[in-house]
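What follows is the content of final28.txt, which has compact mmCIF, C-alpha atoms and all ligand atoms:
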# COMPACT_ATOMS: atom_id res chain seq x y z
CA MET A 1 6.15 9.43 -9.34
CA THR A 2 3.95 8.23 -12.19
CA GLN A 3 1.29 5.54 -12.04
CA SER A 4 3.56 3.03 -13.76
CA GLU A 5 6.50 3.94 -11.50
CA LEU A 6 4.24 3.28 -8.52
CA GLU A 7 3.20 -0.10 -9.86
CA TYR A 8 6.85 -0.95 -10.50
CA SER A 9 7.80 0.05 -6.91
CA LEU A 10 5.04 -2.11 -5.48
CA SER A 11 6.04 -5.09 -7.57
CA THR A 12 9.67 -4.85 -6.46
CA ALA A 13 8.63 -4.34 -2.82
CA VAL A 14 6.47 -7.51 -3.09
CA VAL A 15 4.77 -6.55 0.15
CA VAL A 16 3.21 -3.17 0.94
CA PRO A 17 3.33 -2.46 4.67
CA VAL A 18 0.06 -0.87 5.78
CA THR A 19 0.91 1.18 8.84
CA SER A 20 -1.10 3.13 11.37
CA ILE A 21 1.66 5.26 12.84
CA PRO A 22 1.04 6.06 16.50
CA ASP A 23 3.14 9.24 16.55
CA LYS A 24 5.13 11.14 13.98
CA LYS A 25 8.45 10.47 15.69
CA ALA A 26 8.13 6.77 14.90
CA ALA A 27 7.45 7.31 11.19
CA LEU A 28 10.97 7.79 9.83
CA GLU A 29 12.33 5.01 12.04
CA VAL A 30 9.67 2.62 10.78
CA ALA A 31 10.39 3.55 7.14
CA LYS A 32 14.13 3.01 7.74
CA ALA A 33 13.50 -0.33 9.46
CA LEU A 34 11.44 -1.48 6.48
CA ALA A 35 14.09 -0.31 4.01
CA ASP A 36 16.75 -2.17 6.01
CA GLY A 37 14.62 -5.27 5.54
CA GLY A 38 14.44 -4.64 1.78
CA ILE A 39 11.00 -2.99 1.54
CA HIS A 40 11.22 0.47 0.04
CA VAL A 41 7.58 1.41 0.24
CA ILE A 42 5.32 2.41 3.11
CA GLU A 43 1.61 3.12 3.19
CA ILE A 44 0.65 5.34 6.11
CA THR A 45 -3.09 5.17 6.74
CA LEU A 46 -5.08 8.29 7.54
CA ARG A 47 -6.43 6.60 10.64
CA THR A 48 -4.40 8.29 13.32
CA ASP A 49 -4.06 11.96 14.20
CA ALA A 50 -0.37 11.67 13.45
CA ALA A 51 -0.85 10.31 9.90
CA LEU A 52 -0.23 13.47 7.85
CA SER A 53 2.72 14.62 9.94
CA ALA A 54 4.08 11.07 9.78
CA ILE A 55 3.92 11.11 5.99
CA GLU A 56 5.65 14.49 6.04
CA ALA A 57 8.39 13.20 8.34
CA VAL A 58 9.12 10.30 5.96
CA ALA A 59 8.95 12.54 2.87
CA ASN A 60 11.44 14.93 4.51
CA GLY A 61 13.71 11.99 5.38
CA VAL A 62 13.62 10.93 1.73
CA ALA A 63 14.45 14.49 0.62
CA ARG A 64 17.41 14.57 3.02
CA GLY A 65 18.61 11.22 1.66
CA GLU A 66 18.13 9.44 5.01
CA VAL A 67 15.92 6.74 3.58
CA GLN A 68 14.98 5.59 0.14
CA THR A 69 11.31 4.77 0.09
CA ALA A 70 8.03 5.58 -1.62
CA VAL A 71 5.69 7.02 1.00
CA GLY A 72 1.98 6.86 0.38
CA ALA A 73 -1.25 7.74 2.13
CA GLY A 74 -3.67 4.91 2.84
CA SER A 75 -7.36 4.78 3.74
CA VAL A 76 -7.98 7.82 1.54
CA SER A 77 -11.72 7.95 1.09
CA THR A 78 -12.71 11.50 0.12
CA VAL A 79 -11.81 14.05 -2.53
CA GLU A 80 -11.21 16.58 0.26
CA GLN A 81 -8.32 14.55 1.65
CA ILE A 82 -6.36 14.80 -1.59
CA ALA A 83 -5.08 18.35 -1.01
CA SER A 84 -3.74 17.49 2.43
CA ILE A 85 -2.03 14.29 1.38
CA ARG A 86 -0.36 16.17 -1.47
CA GLU A 87 0.80 18.86 0.97
CA SER A 88 2.20 16.22 3.30
CA GLY A 89 4.47 14.97 0.52
CA ALA A 90 2.80 11.61 -0.15
CA THR A 91 3.89 10.25 -3.50
CA PHE A 92 1.00 7.84 -3.89
CA ALA A 93 -2.37 6.99 -2.38
CA VAL A 94 -4.45 3.91 -1.68
CA THR A 95 -8.21 3.88 -1.22
CA PRO A 96 -10.08 1.16 0.69
CA GLY A 97 -12.96 1.01 -1.78
CA PHE A 98 -13.84 2.30 -5.22
CA SER A 99 -15.12 5.83 -5.72
CA GLU A 100 -15.24 7.25 -9.21
CA ASN A 101 -15.08 10.80 -7.81
CA VAL A 102 -12.00 10.08 -5.73
CA SER A 103 -10.23 8.24 -8.56
CA ARG A 104 -11.00 11.01 -11.07
CA ALA A 105 -9.68 13.61 -8.62
CA MET A 106 -6.49 11.60 -8.04
CA ILE A 107 -5.91 11.35 -11.79
CA GLU A 108 -6.52 15.07 -12.18
CA ALA A 109 -4.16 15.86 -9.30
CA GLU A 110 -1.60 13.50 -10.88
CA ILE A 111 -1.26 11.47 -7.70
CA PRO A 112 -0.72 7.84 -8.63
CA HIS A 113 -3.11 5.64 -6.71
CA ILE A 114 -4.34 2.12 -6.14
CA PRO A 115 -8.09 2.13 -5.68
CA GLY A 116 -9.72 -0.59 -3.65
CA ILE A 117 -12.28 -2.89 -5.23
CA ALA A 118 -14.32 -5.83 -4.01
CA THR A 119 -16.19 -6.74 -7.20
CA VAL A 120 -15.56 -7.18 -10.92
CA GLY A 121 -17.98 -4.33 -11.61
CA GLU A 122 -15.89 -1.93 -9.55
CA ALA A 123 -12.78 -3.03 -11.43
CA MET A 124 -14.61 -2.34 -14.70
CA ARG A 125 -15.54 1.16 -13.53
CA GLY A 126 -11.90 1.77 -12.67
CA MET A 127 -10.79 0.41 -16.03
CA ALA A 128 -13.10 2.90 -17.72
CA LEU A 129 -10.94 5.62 -16.09
CA GLY A 130 -7.80 4.03 -17.51
CA LEU A 131 -6.76 2.23 -14.32
CA ASN A 132 -5.45 -1.30 -14.41
CA CYS A 133 -4.16 -2.00 -10.93
CA PHE A 134 -6.46 -2.38 -7.93
CA LYS A 135 -6.25 -3.15 -4.26
CA VAL A 136 -8.60 -6.05 -3.48
CA PHE A 137 -10.01 -5.49 -0.02
CA PRO A 138 -10.73 -7.26 2.27
CA ALA A 139 -9.04 -10.07 0.33
CA GLY A 140 -9.31 -12.81 2.96
CA VAL A 141 -12.99 -12.25 3.67
CA LEU A 142 -13.79 -12.07 -0.04
CA GLY A 143 -12.44 -15.57 -0.56
CA GLY A 144 -8.66 -15.26 -0.63
CA PRO A 145 -6.58 -16.58 -3.54
CA ALA A 146 -9.57 -18.48 -4.97
CA PHE A 147 -11.50 -15.19 -5.27
CA LEU A 148 -8.57 -13.52 -7.03
CA LYS A 149 -8.21 -16.42 -9.42
CA ALA A 150 -11.90 -16.21 -10.27
CA ILE A 151 -12.00 -12.44 -10.88
CA SER A 152 -8.76 -12.32 -12.85
CA ALA A 153 -10.07 -14.78 -15.45
CA PRO A 154 -12.36 -12.26 -17.18
CA LEU A 155 -9.95 -9.35 -16.54
CA PRO A 156 -6.71 -10.29 -18.30
CA GLY A 157 -3.95 -7.74 -17.86
CA ILE A 158 -5.40 -6.35 -14.64
CA ARG A 159 -3.13 -6.57 -11.60
CA PHE A 160 -4.17 -6.79 -8.00
CA VAL A 161 -2.79 -5.84 -4.61
CA PRO A 162 -4.78 -8.04 -2.25
CA THR A 163 -4.96 -6.68 1.29
CA GLY A 164 -6.84 -7.66 4.42
CA GLY A 165 -6.22 -10.90 6.27
CA ILE A 166 -2.79 -11.53 4.74
CA SER A 167 0.09 -12.65 6.94
CA GLN A 168 3.44 -14.34 6.71
CA ALA A 169 1.57 -17.67 6.85
CA ASN A 170 -0.49 -17.16 3.67
CA VAL A 171 1.25 -14.43 1.64
CA GLN A 172 2.92 -16.97 -0.64
CA GLU A 173 -0.46 -18.34 -1.78
CA TYR A 174 -1.38 -14.88 -3.06
CA LEU A 175 2.01 -14.04 -4.56
CA ALA A 176 1.93 -17.30 -6.53
CA LEU A 177 -0.86 -15.83 -8.69
CA ASP A 178 0.23 -14.04 -11.88
CA SER A 179 -2.45 -11.40 -11.39
CA VAL A 180 -1.00 -10.37 -8.01
CA LEU A 181 1.42 -7.46 -8.25
CA ALA A 182 2.12 -7.28 -4.50
CA CYS A 183 0.34 -7.99 -1.22
CA GLY A 184 -0.63 -5.37 1.34
CA GLY A 185 -0.83 -5.91 5.05
CA SER A 186 -0.27 -4.68 8.53
CA TRP A 187 1.52 -7.75 9.86
CA ILE A 188 4.98 -6.30 9.16
CA THR A 189 4.39 -3.21 11.28
CA PRO A 190 2.43 -4.32 14.34
CA SER A 191 1.32 -1.42 16.53
CA LYS A 192 2.99 -3.01 19.52
CA LEU A 193 6.42 -2.90 17.90
CA MET A 194 5.95 0.64 16.61
CA LYS A 195 4.89 1.80 20.06
CA SER A 196 7.72 0.05 21.85
CA GLY A 197 10.24 1.24 19.26
CA ASP A 198 11.38 -2.31 18.49
CA TYR A 199 12.47 -1.39 14.98
CA SER A 200 14.91 -4.26 14.51
CA LYS A 201 11.97 -6.65 14.83
CA ILE A 202 10.19 -4.73 12.06
CA THR A 203 13.30 -5.15 9.90
CA GLU A 204 13.18 -8.87 10.59
CA LEU A 205 9.47 -9.10 9.68
CA ALA A 206 10.16 -7.16 6.46
CA ARG A 207 13.07 -9.43 5.57
CA ASN A 208 10.95 -12.54 6.18
CA ALA A 209 8.19 -11.20 3.97
CA ARG A 210 10.67 -10.35 1.19
CA GLU A 211 12.14 -13.82 1.39
CA VAL A 212 8.77 -15.46 0.82
CA GLY A 213 8.12 -13.04 -2.00
CA SER A 214 11.30 -13.82 -3.84
CA ALA A 215 11.14 -17.59 -3.18
C1 LIG B 301 -5.97 -2.00 5.09
O1 LIG B 301 -6.41 -0.91 5.37
O2 LIG B 301 -5.45 -2.22 4.02
C2 LIG B 301 -6.16 -3.12 6.08
O3 LIG B 301 -6.59 -2.65 7.30
C3 LIG B 301 -5.00 -4.02 6.24
O4 LIG B 301 -5.50 -5.24 6.58
P1 LIG B 301 -4.76 -6.20 7.59
O5 LIG B 301 -4.64 -5.46 8.88
O6 LIG B 301 -5.63 -7.43 7.69
O7 LIG B 301 -3.41 -6.52 7.00
Take the structure I supplied and represent it as structure tokens, if you would.
Amino acid sequence: MTQSELEYSLSTAVVVPVTSIPDKKAALEVAKALADGGIHVIEITLRTDAALSAIEAVANGVARGEVQTAVGAGSVSTVEQIASIRESGATFAVTPGFSENVSRAMIEAEIPHIPGIATVGEAMRGMALGLNCFKVFPAGVLGGPAFLKAISAPLPGIRFVPTGGISQANVQEYLALDSVLACGGSWITPSKLMKSGDYSKITELARNAREVGSA
């Protein structure tokens, strides 16, 4: 997957489910549930012990043709993590904040990624590396849609994936902005549903999110 293919996938997904998979067995089921609801992308955060094997399980499912999805690693914060996410079969990565070292290493490793930013200056440092799409985190705390509107004014052509504090109740306010490529969030894959294996509810949450996105 190339950087522009990643950005295209995110824009068609509209919503990027940020998941903290409790155990690797759930991973493929969650990815399938999301795809059934029309979301063909999943970000699996490196916050649980199962994360890398979960990414691998989804990547293997994709290779076997069991699900069609782009599987990425989230919460990537060090250069050292890049080798293991590549080995796990992740096709993209997301970082919570901006690190020039990490972004340079991603570009070198040819892993498309969406770096996190929280300021215009960080966006500018990313732009200097040739990047033009950024996660804005934590979007709600930073000021929500009003913050995005303000920072996009001096950065024409830059696209954002706001994440943090977004839910079904406010996602439309973000998606209404031209600068927003997609919204990230954990509300579509609540831990409770992943743990209980209530995958049809995840499909429903995905479908609801897609509906708002295409309204
Ligand atoms: C992330 O890592 O992107 C966030 O933890 C997701 O934020 P949310 O749980 O508020 O959606």
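Shortest separation to A:Gly116 among A:Ala73, A:Ala90, A:Val161, A:Ala51 occurs at residue A:Val161, atoms counted being only C-alpha atoms.
For the atom pair formed by atom CA of A:Ala206 and atom CA of A:Ile55, the distance is 19.3 Å, given to one decimal.
Shortest separation to A:Gly197 among A:Glu173, A:Thr2, A:Asp23, A:Phe160 occurs at residue A:Asp23, atoms counted being only C-alpha atoms.
Atom pair atom CA of A:Val15 / atom CA of A:Leu175: separated by 9.3 Å.
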Give the padded box for stretch 129-143 of chain A as JSON: axis-aligned, covering all atoms listed in the file, 6 Å on each side, centre and edge lengths in Å to one decimal.
{"center_x": -9.0, "center_y": -5.0, "center_z": -6.9, "size_x": 21.6, "size_y": 33.2, "size_z": 33.2}
Suppose you want the space between atom CA of A:Pro145 and atom CA of A:Arg159; what is it in Å?
13.3 Å
For ligand LIG 301 (chain B), list the contacting residues at 8 Å or closer, counting all atoms listed in the file, as a PDB file with C-alpha atoms, in the frame of the given file.
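Ended up saving to part-v2.pdb:
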ATOM      1  CA  VAL A  18       0.060  -0.870   5.780  1.00  0.00           C
ATOM      2  CA  THR A  45      -3.090   5.170   6.740  1.00  0.00           C
ATOM      3  CA  GLY A  74      -3.670   4.910   2.840  1.00  0.00           C
ATOM      4  CA  SER A  75      -7.360   4.780   3.740  1.00  0.00           C
ATOM      5  CA  PRO A  96     -10.080   1.160   0.690  1.00  0.00           C
ATOM      6  CA  PHE A 137     -10.010  -5.490  -0.020  1.00  0.00           C
ATOM      7  CA  PRO A 138     -10.730  -7.260   2.270  1.00  0.00           C
ATOM      8  CA  THR A 163      -4.960  -6.680   1.290  1.00  0.00           C
ATOM      9  CA  GLY A 164      -6.840  -7.660   4.420  1.00  0.00           C
ATOM     10  CA  GLY A 165      -6.220 -10.900   6.270  1.00  0.00           C
ATOM     11  CA  ILE A 166      -2.790 -11.530   4.740  1.00  0.00           C
ATOM     12  CA  SER A 167       0.090 -12.650   6.940  1.00  0.00           C
ATOM     13  CA  GLY A 184      -0.630  -5.370   1.340  1.00  0.00           C
ATOM     14  CA  GLY A 185      -0.830  -5.910   5.050  1.00  0.00           C
ATOM     15  CA  SER A 186      -0.270  -4.680   8.530  1.00  0.00           C
ATOM     16  CA  TRP A 187       1.520  -7.750   9.860  1.00  0.00           C
TER      17      TRP A 187
END
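Near A:Ile151, within 7 Å and counting all atoms listed in the file, sit Val120, Phe147 and Leu155 of chain A; same-chain residues fewer than 4 positions away were not included.
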Please supply stretch 75-93 of chain A, rebuilt with N, CA and C atoms, as a PDB file, in the coordinates of the input.
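File written: out.pdb
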ATOM      1  N   SER A  75      -6.008   4.511   3.234  1.00  0.00           N
ATOM      2  CA  SER A  75      -7.360   4.780   3.740  1.00  0.00           C
ATOM      3  C   SER A  75      -7.873   6.138   3.271  1.00  0.00           C
ATOM      4  N   VAL A  76      -7.494   6.542   2.074  1.00  0.00           N
ATOM      5  CA  VAL A  76      -7.980   7.820   1.540  1.00  0.00           C
ATOM      6  C   VAL A  76      -9.383   7.566   0.977  1.00  0.00           C
ATOM      7  N   SER A  77     -10.355   8.272   1.500  1.00  0.00           N
ATOM      8  CA  SER A  77     -11.720   7.950   1.090  1.00  0.00           C
ATOM      9  C   SER A  77     -12.531   9.140   0.582  1.00  0.00           C
ATOM     10  N   THR A  78     -11.960  10.348   0.634  1.00  0.00           N
ATOM     11  CA  THR A  78     -12.710  11.500   0.120  1.00  0.00           C
ATOM     12  C   THR A  78     -11.836  12.365  -0.783  1.00  0.00           C
ATOM     13  N   VAL A  79     -12.507  13.108  -1.638  1.00  0.00           N
ATOM     14  CA  VAL A  79     -11.810  14.050  -2.530  1.00  0.00           C
ATOM     15  C   VAL A  79     -11.104  15.121  -1.699  1.00  0.00           C
ATOM     16  N   GLU A  80     -11.758  15.509  -0.596  1.00  0.00           N
ATOM     17  CA  GLU A  80     -11.210  16.580   0.260  1.00  0.00           C
ATOM     18  C   GLU A  80      -9.843  16.225   0.839  1.00  0.00           C
ATOM     19  N   GLN A  81      -9.598  14.947   1.036  1.00  0.00           N
ATOM     20  CA  GLN A  81      -8.320  14.550   1.650  1.00  0.00           C
ATOM     21  C   GLN A  81      -7.137  14.707   0.686  1.00  0.00           C
ATOM     22  N   ILE A  82      -7.444  14.825  -0.596  1.00  0.00           N
ATOM     23  CA  ILE A  82      -6.360  14.800  -1.590  1.00  0.00           C
ATOM     24  C   ILE A  82      -5.402  15.989  -1.421  1.00  0.00           C
ATOM     25  N   ALA A  83      -5.949  17.169  -1.154  1.00  0.00           N
ATOM     26  CA  ALA A  83      -5.080  18.350  -1.010  1.00  0.00           C
ATOM     27  C   ALA A  83      -4.112  18.153   0.159  1.00  0.00           C
ATOM     28  N   SER A  84      -4.628  17.612   1.272  1.00  0.00           N
ATOM     29  CA  SER A  84      -3.740  17.490   2.430  1.00  0.00           C
ATOM     30  C   SER A  84      -2.703  16.384   2.264  1.00  0.00           C
ATOM     31  N   ILE A  85      -3.063  15.322   1.551  1.00  0.00           N
ATOM     32  CA  ILE A  85      -2.030  14.290   1.380  1.00  0.00           C
ATOM     33  C   ILE A  85      -0.937  14.791   0.425  1.00  0.00           C
ATOM     34  N   ARG A  86      -1.355  15.603  -0.550  1.00  0.00           N
ATOM     35  CA  ARG A  86      -0.360  16.170  -1.470  1.00  0.00           C
ATOM     36  C   ARG A  86       0.583  17.104  -0.693  1.00  0.00           C
ATOM     37  N   GLU A  87      -0.002  17.926   0.163  1.00  0.00           N
ATOM     38  CA  GLU A  87       0.800  18.860   0.970  1.00  0.00           C
ATOM     39  C   GLU A  87       1.776  18.134   1.891  1.00  0.00           C
ATOM     40  N   SER A  88       1.346  16.965   2.373  1.00  0.00           N
ATOM     41  CA  SER A  88       2.200  16.220   3.300  1.00  0.00           C
ATOM     42  C   SER A  88       3.400  15.588   2.598  1.00  0.00           C
ATOM     43  N   GLY A  89       3.341  15.530   1.254  1.00  0.00           N
ATOM     44  CA  GLY A  89       4.470  14.970   0.520  1.00  0.00           C
ATOM     45  C   GLY A  89       4.282  13.515   0.120  1.00  0.00           C
ATOM     46  N   ALA A  90       3.055  13.004   0.265  1.00  0.00           N
ATOM     47  CA  ALA A  90       2.800  11.610  -0.150  1.00  0.00           C
ATOM     48  C   ALA A  90       3.013  11.492  -1.658  1.00  0.00           C
ATOM     49  N   THR A  91       3.656  10.411  -2.065  1.00  0.00           N
ATOM     50  CA  THR A  91       3.890  10.250  -3.500  1.00  0.00           C
ATOM     51  C   THR A  91       2.876   9.315  -4.147  1.00  0.00           C
ATOM     52  N   PHE A  92       2.075   8.662  -3.318  1.00  0.00           N
ATOM     53  CA  PHE A  92       1.000   7.840  -3.890  1.00  0.00           C
ATOM     54  C   PHE A  92      -0.123   7.726  -2.858  1.00  0.00           C
ATOM     55  N   ALA A  93      -1.240   7.149  -3.288  1.00  0.00           N
ATOM     56  CA  ALA A  93      -2.370   6.990  -2.380  1.00  0.00           C
ATOM     57  C   ALA A  93      -3.050   5.648  -2.627  1.00  0.00           C
TER      58      ALA A  93
END
